[in-house]
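Have a look at protein39.txt below; it lists compact mmCIF, C-alpha atoms.
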```txt
# COMPACT_ATOMS: atom_id res chain seq x y z
CA MET K 1 5.98 -20.86 -11.88
CA ASN K 2 9.32 -22.67 -11.71
CA ARG K 3 11.56 -19.63 -11.30
CA LEU K 4 11.15 -15.99 -10.49
CA ASP K 5 13.50 -13.28 -11.73
CA VAL K 6 12.93 -10.18 -9.65
CA ALA K 7 13.92 -6.52 -9.95
CA VAL K 8 13.66 -4.15 -6.99
CA VAL K 9 13.97 -0.44 -7.73
CA GLY K 10 14.86 1.38 -4.54
CA ALA K 11 17.05 0.12 -1.69
CA GLY K 12 15.62 2.25 1.11
CA ALA K 13 13.59 1.12 4.11
CA VAL K 14 10.79 -0.51 2.08
CA GLY K 15 12.82 -1.73 -0.90
CA SER K 16 15.45 -3.44 1.25
CA ARG K 17 12.78 -5.19 3.35
CA CYS K 18 11.00 -6.33 0.21
CA ALA K 19 14.27 -7.64 -1.25
CA ARG K 20 14.97 -9.54 1.97
CA GLN K 21 11.59 -11.27 1.63
CA PHE K 22 12.37 -12.24 -1.97
CA ALA K 23 15.80 -13.56 -1.01
CA SER K 24 14.15 -16.04 1.37
CA LEU K 25 12.05 -17.65 -1.41
CA SER K 26 13.38 -20.82 -3.01
CA GLU K 27 11.70 -20.01 -6.35
CA VAL K 28 13.62 -16.75 -6.73
CA HIS K 29 16.32 -17.42 -9.31
CA SER K 30 17.77 -13.90 -9.43
CA LEU K 31 17.28 -10.64 -7.59
CA ARG K 32 18.58 -7.43 -9.15
CA MET K 33 18.60 -4.19 -7.18
CA VAL K 34 19.07 -0.63 -8.32
CA ASP K 35 19.02 2.65 -6.40
CA ARG K 36 19.94 6.28 -6.96
CA ASP K 37 22.78 5.58 -4.53
CA PRO K 38 24.79 2.69 -6.06
CA THR K 39 26.69 2.22 -2.80
CA LEU K 40 23.44 1.57 -0.96
CA SER K 41 22.09 -0.95 -3.47
CA ALA K 42 25.46 -2.75 -3.50
CA ALA K 43 25.52 -3.00 0.29
CA VAL K 44 21.94 -4.23 0.51
CA ALA K 45 22.38 -6.80 -2.28
CA ALA K 46 25.59 -8.11 -0.70
CA SER K 47 23.72 -8.90 2.51
CA PHE K 48 21.46 -11.39 0.70
CA GLY K 49 24.13 -13.65 -0.75
CA PRO K 50 24.66 -14.83 -4.34
CA VAL K 51 20.97 -14.67 -5.36
CA ALA K 52 21.12 -10.85 -5.30
CA ARG K 53 23.29 -8.44 -7.22
CA PRO K 54 23.30 -4.69 -7.73
CA VAL K 55 22.95 -3.13 -11.17
CA GLU K 56 23.51 0.44 -12.25
CA THR K 57 20.39 1.22 -14.27
CA VAL K 58 16.67 0.47 -14.23
CA GLU K 59 17.00 -1.00 -17.73
CA ALA K 60 19.59 -3.49 -16.50
CA ALA K 61 17.34 -4.44 -13.59
CA LEU K 62 14.38 -5.05 -15.90
CA ASP K 63 16.32 -7.15 -18.41
CA GLY K 64 14.88 -10.66 -18.16
CA ALA K 65 12.78 -9.86 -15.08
CA THR K 66 9.45 -11.51 -14.37
CA VAL K 67 8.25 -8.79 -12.00
CA VAL K 68 9.56 -5.48 -10.67
CA VAL K 69 8.81 -3.84 -7.34
CA VAL K 70 9.20 -0.05 -7.34
CA ALA K 71 9.90 1.37 -3.88
CA THR K 72 11.42 4.79 -4.51
CA ALA K 73 10.37 8.31 -3.67
CA GLY K 74 8.89 10.25 -6.58
CA ASP K 75 7.02 9.22 -9.69
CA HIS K 76 6.89 5.54 -10.64
CA ARG K 77 5.26 5.92 -14.04
CA ASP K 78 8.45 5.92 -16.13
CA VAL K 79 9.66 2.71 -14.51
CA ALA K 80 6.23 1.13 -14.98
CA CYS K 81 6.14 2.09 -18.66
CA ALA K 82 9.60 0.64 -19.25
CA ALA K 83 8.62 -2.57 -17.44
CA LEU K 84 5.36 -3.04 -19.36
CA GLU K 85 7.18 -2.54 -22.65
CA ARG K 86 9.40 -5.48 -21.68
CA GLY K 87 6.46 -7.64 -20.55
CA VAL K 88 7.29 -7.33 -16.86
CA HIS K 89 4.64 -7.28 -14.12
CA VAL K 90 4.80 -4.15 -11.92
CA VAL K 91 4.18 -3.66 -8.21
CA SER K 92 4.37 -0.12 -6.85
CA ALA K 93 4.64 0.70 -3.14
CA ALA K 94 3.76 4.36 -3.76
CA ASP K 95 1.30 5.92 -1.31
CA ASP K 96 0.73 9.39 -2.76
CA ILE K 97 -2.19 10.42 -4.93
CA ALA K 98 -0.22 11.84 -7.86
CA THR K 99 1.88 8.70 -8.35
CA VAL K 100 -1.06 6.32 -7.96
CA ARG K 101 -3.17 8.33 -10.42
CA GLY K 102 -0.34 8.28 -12.93
CA LEU K 103 -0.02 4.51 -12.65
CA LEU K 104 -3.75 3.97 -13.06
CA THR K 105 -3.59 5.72 -16.45
CA LEU K 106 -1.52 2.74 -17.63
CA ASP K 107 -4.43 0.33 -17.13
CA ALA K 108 -5.20 -0.05 -20.85
CA GLU K 109 -1.57 -0.69 -21.76
CA ALA K 110 -1.15 -3.24 -18.99
CA ARG K 111 -4.32 -5.06 -20.05
CA GLU K 112 -3.23 -5.09 -23.69
CA ARG K 113 0.09 -6.64 -22.70
CA GLY K 114 -1.54 -9.09 -20.28
CA ARG K 115 0.47 -7.80 -17.33
CA SER K 116 -0.51 -6.74 -13.81
CA LEU K 117 0.26 -3.29 -12.43
CA VAL K 118 -0.46 -3.32 -8.71
CA CYS K 119 -0.77 0.19 -7.27
CA GLY K 120 -0.28 1.08 -3.63
CA ALA K 121 1.15 -2.25 -2.43
CA GLY K 122 2.40 -1.18 0.98
CA PHE K 123 1.24 -0.94 4.58
CA GLY K 124 -1.45 1.55 3.62
CA PRO K 125 -2.68 1.46 0.98
CA GLY K 126 -1.90 -2.20 0.41
CA LEU K 127 -2.52 -4.19 3.55
CA THR K 128 -5.49 -1.91 4.23
CA ASP K 129 -6.98 -2.77 0.82
CA VAL K 130 -6.71 -6.50 1.51
CA LEU K 131 -8.31 -6.05 4.94
CA VAL K 132 -11.17 -4.08 3.36
CA ALA K 133 -11.70 -6.82 0.77
CA HIS K 134 -11.65 -9.45 3.51
CA ALA K 135 -14.26 -7.54 5.53
CA ALA K 136 -16.37 -6.84 2.44
CA ALA K 137 -16.76 -10.57 1.82
CA MET K 138 -18.92 -10.69 4.95
CA PHE K 139 -21.56 -8.41 3.42
CA ASP K 140 -24.08 -8.58 0.62
CA VAL K 141 -23.55 -4.87 -0.07
CA VAL K 142 -20.76 -2.57 1.14
CA ASP K 143 -22.07 0.90 2.04
CA GLU K 144 -19.08 2.63 3.66
CA VAL K 145 -15.33 2.17 4.01
CA HIS K 146 -13.18 4.21 6.40
CA VAL K 147 -9.40 3.79 6.53
CA ALA K 148 -6.91 5.27 8.98
CA ARG K 149 -3.19 4.80 9.43
CA SER K 150 -0.41 5.82 11.76
CA GLY K 151 3.35 5.78 11.30
CA THR K 152 5.85 5.99 8.44
CA GLY K 153 8.22 3.55 6.81
CA GLY K 154 11.36 5.63 6.45
CA PRO K 155 12.67 9.14 5.68
CA ALA K 156 11.16 9.32 2.18
CA CYS K 157 7.82 8.06 3.49
CA ALA K 158 7.89 10.56 6.36
CA ARG K 159 8.40 13.43 3.93
CA VAL K 160 5.50 12.24 1.78
CA HIS K 161 3.22 12.00 4.81
CA HIS K 162 4.26 15.47 5.92
CA ASP K 163 3.20 16.84 2.53
CA MET K 164 -0.03 14.80 2.54
CA LEU K 165 -1.21 16.38 5.76
CA GLY K 166 -0.88 19.84 4.26
CA THR K 167 -2.64 18.96 1.00
CA ALA K 168 -6.35 18.52 0.26
CA GLY K 169 -7.57 14.96 -0.16
CA LEU K 170 -10.69 13.38 -1.60
CA ASP K 171 -13.65 11.65 0.02
CA TRP K 172 -16.21 9.62 -1.94
CA ARG K 173 -19.76 10.58 -1.00
CA GLU K 174 -22.92 9.42 -2.70
CA GLY K 175 -21.34 8.94 -6.12
CA ALA K 176 -19.16 12.06 -6.21
CA TRP K 177 -15.68 13.15 -5.18
CA VAL K 178 -15.68 15.72 -2.37
CA PRO K 179 -12.48 17.63 -1.45
CA ARG K 180 -11.35 17.50 2.17
CA ARG K 181 -8.86 20.06 3.45
CA GLY K 182 -5.62 18.54 4.69
CA GLY K 183 -5.44 18.52 8.47
CA ALA K 184 -9.22 18.87 8.83
CA GLY K 185 -11.95 16.48 9.95
CA ARG K 186 -10.42 15.33 13.25
CA GLU K 187 -11.53 11.88 14.34
CA LEU K 188 -10.29 9.78 17.25
CA CYS K 189 -9.40 6.35 15.83
CA TRP K 190 -8.55 3.29 17.90
CA PHE K 191 -5.66 1.22 16.56
CA PRO K 192 -4.46 -2.09 17.99
CA ASP K 193 -2.28 -1.83 21.12
CA PRO K 194 0.30 -0.56 21.79
CA VAL K 195 -0.51 2.27 19.35
CA GLY K 196 -3.99 2.79 20.79
CA ALA K 197 -6.09 5.91 20.24
CA GLN K 198 -4.80 8.54 17.82
CA ASP K 199 -6.26 11.77 16.45
CA CYS K 200 -6.59 11.31 12.69
CA TYR K 201 -7.20 13.94 10.02
CA GLY K 202 -7.97 14.26 6.36
CA ALA K 203 -4.94 14.18 4.06
CA ALA K 204 -4.04 13.64 0.41
CA LEU K 205 -4.23 9.85 0.66
CA PRO K 206 -4.83 7.63 -2.41
CA ASP K 207 -6.92 5.01 -0.61
CA PRO K 208 -10.35 6.20 -1.85
CA ILE K 209 -9.32 6.24 -5.53
CA LEU K 210 -8.14 2.63 -5.19
CA LEU K 211 -11.11 1.39 -3.15
CA VAL K 212 -14.05 2.93 -5.04
CA PRO K 213 -13.49 0.85 -8.24
CA ALA K 214 -13.49 -2.32 -6.14
CA PHE K 215 -16.92 -1.59 -4.65
CA PRO K 216 -19.16 0.08 -7.26
CA GLN K 217 -22.13 0.38 -4.86
CA VAL K 218 -20.20 1.99 -2.00
CA ARG K 219 -21.72 5.29 -0.82
CA ARG K 220 -18.85 6.69 1.22
CA VAL K 221 -15.09 6.15 1.39
CA THR K 222 -12.71 8.18 3.57
CA ALA K 223 -9.06 7.97 4.57
CA ARG K 224 -7.33 9.68 7.48
CA LEU K 225 -3.78 10.04 8.75
CA ALA K 226 -2.75 10.10 12.41
CA ALA K 227 -1.08 13.37 13.39
CA THR K 228 -0.18 15.50 16.39
CA ARG K 229 -1.05 19.16 16.81
CA ARG K 230 2.50 20.08 15.82
CA ASP K 231 2.22 17.92 12.67
CA ARG K 232 -0.90 19.85 11.64
CA LEU K 233 0.61 23.27 12.35
CA THR K 234 3.80 22.57 10.40
CA ALA K 235 2.32 20.52 7.53
CA ARG K 236 2.51 23.41 5.07
CA LEU K 237 6.11 24.24 6.03
CA PRO K 238 9.37 22.42 5.32
CA MET K 239 10.05 19.63 7.82
CA LEU K 240 11.56 21.25 10.93
CA ARG K 241 13.80 18.29 11.77
CA PRO K 242 15.12 15.29 9.85
CA PRO K 243 12.89 12.19 9.99
CA HIS K 244 14.01 9.01 11.73
CA PRO K 245 16.15 6.66 9.60
CA GLU K 246 13.27 4.18 9.87
CA GLY K 247 9.77 4.69 11.16
CA MET K 248 8.71 3.43 14.59
CA VAL K 249 5.83 1.00 15.14
CA GLY K 250 2.85 1.96 13.02
CA ALA K 251 -0.72 0.79 12.67
CA VAL K 252 -3.60 0.62 10.21
CA ARG K 253 -7.33 0.37 10.80
CA VAL K 254 -10.21 -0.30 8.41
CA GLU K 255 -13.89 0.04 9.20
CA VAL K 256 -16.35 -1.46 6.73
CA ARG K 257 -20.10 -0.96 7.03
CA GLY K 258 -22.62 -2.86 4.97
CA ARG K 259 -25.75 -4.94 4.75
CA ARG K 260 -26.13 -8.64 5.25
CA GLY K 261 -29.71 -9.58 4.55
CA LEU K 262 -31.83 -7.10 6.47
CA LEU K 263 -29.07 -6.32 8.98
CA HIS K 264 -26.71 -3.33 8.90
CA GLU K 265 -23.36 -4.36 10.39
CA THR K 266 -19.84 -3.05 10.89
CA MET K 267 -16.51 -4.91 10.71
CA VAL K 268 -13.28 -3.38 12.01
CA TYR K 269 -9.84 -4.86 11.32
CA GLY K 270 -6.44 -3.54 12.28
CA ALA K 271 -2.74 -4.36 12.23
CA ILE K 272 0.44 -3.11 13.87
CA ASP K 273 3.99 -3.46 12.60
CA ARG K 274 6.98 -1.44 11.53
CA PRO K 275 5.51 0.10 8.36
CA SER K 276 8.57 -0.58 6.20
CA VAL K 277 8.64 -4.24 7.22
CA ALA K 278 4.94 -4.73 6.56
CA ALA K 279 5.10 -2.78 3.29
CA GLY K 280 8.02 -4.88 2.07
CA ALA K 281 6.12 -8.08 2.81
CA VAL K 282 2.94 -6.85 1.12
CA ALA K 283 4.85 -5.78 -2.01
CA MET K 284 6.64 -9.14 -2.18
CA VAL K 285 3.46 -11.19 -1.82
CA ALA K 286 1.69 -9.00 -4.40
CA ALA K 287 4.59 -9.55 -6.81
CA VAL K 288 4.47 -13.33 -6.36
CA PHE K 289 0.70 -13.35 -6.87
CA ALA K 290 1.09 -11.27 -10.05
CA ALA K 291 3.81 -13.56 -11.41
CA LYS K 292 1.69 -16.65 -10.68
CA GLY K 293 -1.38 -15.17 -12.36
CA ALA K 294 -3.21 -15.27 -9.02
CA LEU K 295 -4.86 -11.85 -9.41
CA THR K 296 -8.36 -11.20 -10.74
CA ARG K 297 -7.20 -9.66 -14.01
CA SER K 298 -4.38 -7.96 -15.83
CA GLY K 299 -4.21 -4.17 -15.82
CA ALA K 300 -3.73 -1.49 -13.15
CA GLY K 301 -5.55 -1.38 -9.84
CA GLY K 302 -5.30 -1.67 -6.09
CA LEU K 303 -5.19 -4.88 -4.10
CA ALA K 304 -8.83 -4.63 -3.00
CA GLU K 305 -9.79 -4.94 -6.66
CA LEU K 306 -7.10 -7.37 -7.82
CA VAL K 307 -6.74 -9.97 -5.05
CA ILE K 308 -8.82 -13.08 -5.71
CA SER K 309 -8.65 -14.44 -2.17
CA PRO K 310 -7.93 -11.95 0.62
CA VAL K 311 -7.74 -14.86 3.07
CA ASN K 312 -4.91 -16.48 1.09
CA PHE K 313 -3.08 -13.16 0.82
CA LEU K 314 -3.38 -12.55 4.57
CA ALA K 315 -2.22 -16.11 5.26
CA GLU K 316 0.93 -15.51 3.21
CA LEU K 317 1.58 -12.32 5.17
CA ALA K 318 1.00 -14.09 8.48
CA GLN K 319 3.71 -16.62 7.58
CA ARG K 320 6.05 -13.65 7.32
CA GLY K 321 5.05 -12.17 10.65
CA VAL K 322 2.54 -9.59 9.42
CA ARG K 323 -0.71 -10.35 11.22
CA ALA K 324 -4.06 -8.62 11.34
CA ALA K 325 -6.69 -8.68 14.06
CA VAL K 326 -10.43 -8.24 14.41
CA PHE K 327 -11.44 -5.25 16.54
CA GLU K 328 -12.61 -7.59 19.32
CA GLY K 329 -9.05 -8.97 19.53
CA GLY K 330 -9.36 -12.27 17.67
CA ALA K 331 -6.92 -13.18 14.90
CA VAL K 332 -8.16 -12.85 11.32
```
As structure tokens, what does this structure read like?
Amino acid sequence: MNRLDVAVVGAGAVGSRCARQFASLSEVHSLRMVDRDPTLSAAVAASFGPVARPVETVEAALDGATVVVVATAGDHRDVACAALERGVHVVSAADDIATVRGLLTLDAEARERGRSLVCGAGFGPGLTDVLVAHAAAMFDVVDEVHVARSGTGGPACARVHHDMLGTAGLDWREGAWVPRRGGAGRELCWFPDPVGAQDCYGAALPDPILLVPAFPQVRRVTARLAATRRDRLTARLPMLRPPHPEGMVGAVRVEVRGRRGLLHETMVYGAIDRPSVAAGAVAMVAAVFAAKGALTRSGAGGLAELVISPVNFLAELAQRGVRAAVFEGGAV
């Protein structure tokens, strides 16, 4: 890959961080940004120098692009369809079930066009998927996967998480989908310091629907979201106060249980970072891997299914300051 022409749709907390990562790459020839607020995309693009420029429409951003990263609130399917029609790889940072499901329906079209459509390429899902795949490589058979996360990337992300906590999610149990009421199933999860122990609850998280296809023999997959008592009580109401302009330090945790020979073992990985910063880095690395043909196949899927080498992916993230750790405290 001699040159990379990139489009970033969305100039919020995640999109701007992702664009900053692209602007630092020597192989990026052009970086076009578009947002619902043209003033915002113009200001963000101006901060990256001549490689970046704002455009007014998604179509203009996609024109001549190699890959597009979609980091907006709301549905990403229309942008993905337009990109695939133009032969552009797609990376979506969406973390809600409805959007991820909609993108997965484009699998056949993406395969036919020989393009990758990476779903859920953020802090979680995204980094969590890669950590699960890394842990799974230690086992002969993966039996269970449990994911938890804490923190939000920005105002749009905070609103999505608020809605998730008040909406039923899905667990995978013994070959069937089982509904879990939002805000139910309290579990104390230990994240890396300084986040530490957090009460986590069931929520409408897309992690299971992205992880199950990657591990056909898995018996159980769950995902939980860290929340306070007030979060749970108000989850079905409008947000009582505006979210922070950008989320504080967040964390993710994955627990993978499986068999290695006759032994049943558990691996736990975690990471801490500002969610928008980590999500931007994950989306950028996923986009570069897609453009280079360094994913397992064309088509739609999550990173646990599409990344050929989780170690290489994590190494790329580590170079950009996003590091994971083993539960015992050693670096991955």
>> I need the residue nearest K:Val288 from this list: K:Leu62, K:Ala176, K:Ala271, K:Val307. Use all atoms listed in the file for the distance.
In response: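 Using all atoms listed in the file, K:Val288 sits closest to K:Val307.
Our summary of the geometry notes that atom CA of K:Arg253 is positioned 16.5 Å from atom CA of K:Leu317.
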Exercise: K:Val68 partners within 8 Å, only C-alpha atoms, chain neighbours under 5 positions left out, as an mmCIF file with C-alpha atoms, in the frame of the given file:
```cif
data_model
loop_
_atom_site.group_PDB
_atom_site.id
_atom_site.type_symbol
_atom_site.label_atom_id
_atom_site.label_comp_id
_atom_site.auth_asym_id
_atom_site.auth_seq_id
_atom_site.Cartn_x
_atom_site.Cartn_y
_atom_site.Cartn_z
ATOM 1 C CA VAL K 6 12.930 -10.180 -9.650
ATOM 2 C CA ALA K 7 13.920 -6.520 -9.950
ATOM 3 C CA VAL K 8 13.660 -4.150 -6.990
ATOM 4 C CA VAL K 9 13.970 -0.440 -7.730
ATOM 5 C CA LEU K 62 14.380 -5.050 -15.900
ATOM 6 C CA ALA K 83 8.620 -2.570 -17.440
ATOM 7 C CA VAL K 88 7.290 -7.330 -16.860
ATOM 8 C CA HIS K 89 4.640 -7.280 -14.120
ATOM 9 C CA VAL K 90 4.800 -4.150 -11.920
ATOM 10 C CA VAL K 91 4.180 -3.660 -8.210
ATOM 11 C CA ALA K 287 4.590 -9.550 -6.810
#
```
>> Using all atoms listed in the file, which protein or nucleic acid residues come within 8 Å of K:Ala304? Drop anything in the same chain fewer than 6 positions from it, and give the result as a ChimeraX atom specification.
In response: /K:129-130,132-133,210-211,214
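Residues in contact with K:Gly114 at up to 12 Å, not including ones fewer than 4 positions away on its chain and judged by all atoms listed in the file, are Leu84, Glu85, Arg86, Gly87, Val88, His89, Val90, Asp107, Ala108, Glu109, Ala110, Ala290, Ala291, Gly293, Leu295, Thr296, Arg297, Ser298, Gly299 and Ala300 of chain K.
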Dump of C-alpha atoms for the selected residues, as a PDB file, in the frame of the given file:
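File written: selection04.pdb
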```pdb
ATOM      1  CA  LEU K  84       5.360  -3.040 -19.360  1.00  0.00           C
ATOM      2  CA  GLU K  85       7.180  -2.540 -22.650  1.00  0.00           C
ATOM      3  CA  ARG K  86       9.400  -5.480 -21.680  1.00  0.00           C
ATOM      4  CA  GLY K  87       6.460  -7.640 -20.550  1.00  0.00           C
ATOM      5  CA  VAL K  88       7.290  -7.330 -16.860  1.00  0.00           C
ATOM      6  CA  HIS K  89       4.640  -7.280 -14.120  1.00  0.00           C
ATOM      7  CA  VAL K  90       4.800  -4.150 -11.920  1.00  0.00           C
ATOM      8  CA  ASP K 107      -4.430   0.330 -17.130  1.00  0.00           C
ATOM      9  CA  ALA K 108      -5.200  -0.050 -20.850  1.00  0.00           C
ATOM     10  CA  GLU K 109      -1.570  -0.690 -21.760  1.00  0.00           C
ATOM     11  CA  ALA K 110      -1.150  -3.240 -18.990  1.00  0.00           C
ATOM     12  CA  ALA K 290       1.090 -11.270 -10.050  1.00  0.00           C
ATOM     13  CA  ALA K 291       3.810 -13.560 -11.410  1.00  0.00           C
ATOM     14  CA  GLY K 293      -1.380 -15.170 -12.360  1.00  0.00           C
ATOM     15  CA  LEU K 295      -4.860 -11.850  -9.410  1.00  0.00           C
ATOM     16  CA  THR K 296      -8.360 -11.200 -10.740  1.00  0.00           C
ATOM     17  CA  ARG K 297      -7.200  -9.660 -14.010  1.00  0.00           C
ATOM     18  CA  SER K 298      -4.380  -7.960 -15.830  1.00  0.00           C
ATOM     19  CA  GLY K 299      -4.210  -4.170 -15.820  1.00  0.00           C
ATOM     20  CA  ALA K 300      -3.730  -1.490 -13.150  1.00  0.00           C
TER      21      ALA K 300
END
```
So that I can see what lies close to K:Asp140, please list as a compact mmCIF listing (two decimals) with C-alpha atoms, in the frame of the given file the residues with an atom at most 7 Å from it, counting all atoms listed in the file and leaving out residues fewer than 2 positions away in the same chain.
```
# COMPACT_ATOMS: atom_id res chain seq x y z
CA VAL K 142 -20.76 -2.57 1.14
CA ARG K 259 -25.75 -4.94 4.75
CA ARG K 260 -26.13 -8.64 5.25
CA GLY K 261 -29.71 -9.58 4.55
```
>> Excluding stretch 37-53 of chain K and its own-chain neighbours fewer than 4 positions away, which residues fall within 10 Å of it when counting all atoms listed in the file? Please give them as number ranges by chain.
In response: K: 5-12, 15-17, 19-24, 28-33, 57, 61
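You will find atom CA of K:Ser276 at 5.7 Å from atom CA of K:Ala13.
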May I have the centre and edge lengths, in Å to one decimal, of an axis-aligned box around the listed atoms of stretch 31-49 of chain K with 6 Å added to every side, as lines of an AutoDock Vina configuration file?
```
center_x = 22.0
center_y = -3.7
center_z = -3.3
size_x = 21.4
size_y = 31.9
size_z = 23.7
```
> Smallest atom-to-atom distance to K:Ala278: which of K:Leu314, K:Ala135, K:Ile209, K:Ala223, using only C-alpha atoms?
Replying inline: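 Among K:Leu314, K:Ala135, K:Ile209, K:Ala223, it is K:Leu314 that comes nearest to K:Ala278.
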> Got a sec to check which residues sit within 9 Å of (-17.4, 9.7, -0.7), counting all atoms listed in the file, and write them as a ChimeraX atom specification?
Replying inline: /K:144,170-178,208,212,218-222
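Here atom CA of K:Thr105 is placed at a distance of 21.2 Å from atom CA of K:Ala168.
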>> My list of candidates is K:Val160, K:Leu131, K:Cys18, K:Leu103. Which is closest to K:Asn312 when distances are computed with only C-alpha atoms?
In response: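 Between K:Val160, K:Leu131, K:Cys18, K:Leu103, the residue approaching K:Asn312 most closely is K:Leu131.
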>> Between K:Arg257, K:Val79, K:Phe289, K:Val14, which residue has the minimum interatomic distance to K:Leu303, considering all atoms listed in the file?
In response: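 Going through K:Arg257, K:Val79, K:Phe289, K:Val14 one by one, the smallest distance to K:Leu303 is for K:Phe289.
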>> Just checking: using only C-alpha atoms, which residue out of K:Pro179, K:Gly185, K:Pro206, K:Pro125 ends up closest to K:Val100?
In response: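 Ranked by minimum distance to K:Val100, first place goes to K:Pro206.
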> Of the candidates K:Pro54, K:Pro213, K:Gly321, K:Gly302, which one gets nearest to K:Cys119 if we count all atoms listed in the file?
Replying inline: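 Of K:Pro54, K:Pro213, K:Gly321, K:Gly302, the one nearest K:Cys119 is K:Gly302, counting all atoms listed in the file.
All protein and nucleic acid residues in the vicinity of (-10.3, 12.0, 8.3), that is within 7 Å when counting only C-alpha atoms, are Ala184, Gly185, Arg186, Glu187, Cys200, Tyr201, Gly202, Thr222, Ala223, Arg224 and Leu225 of chain K.
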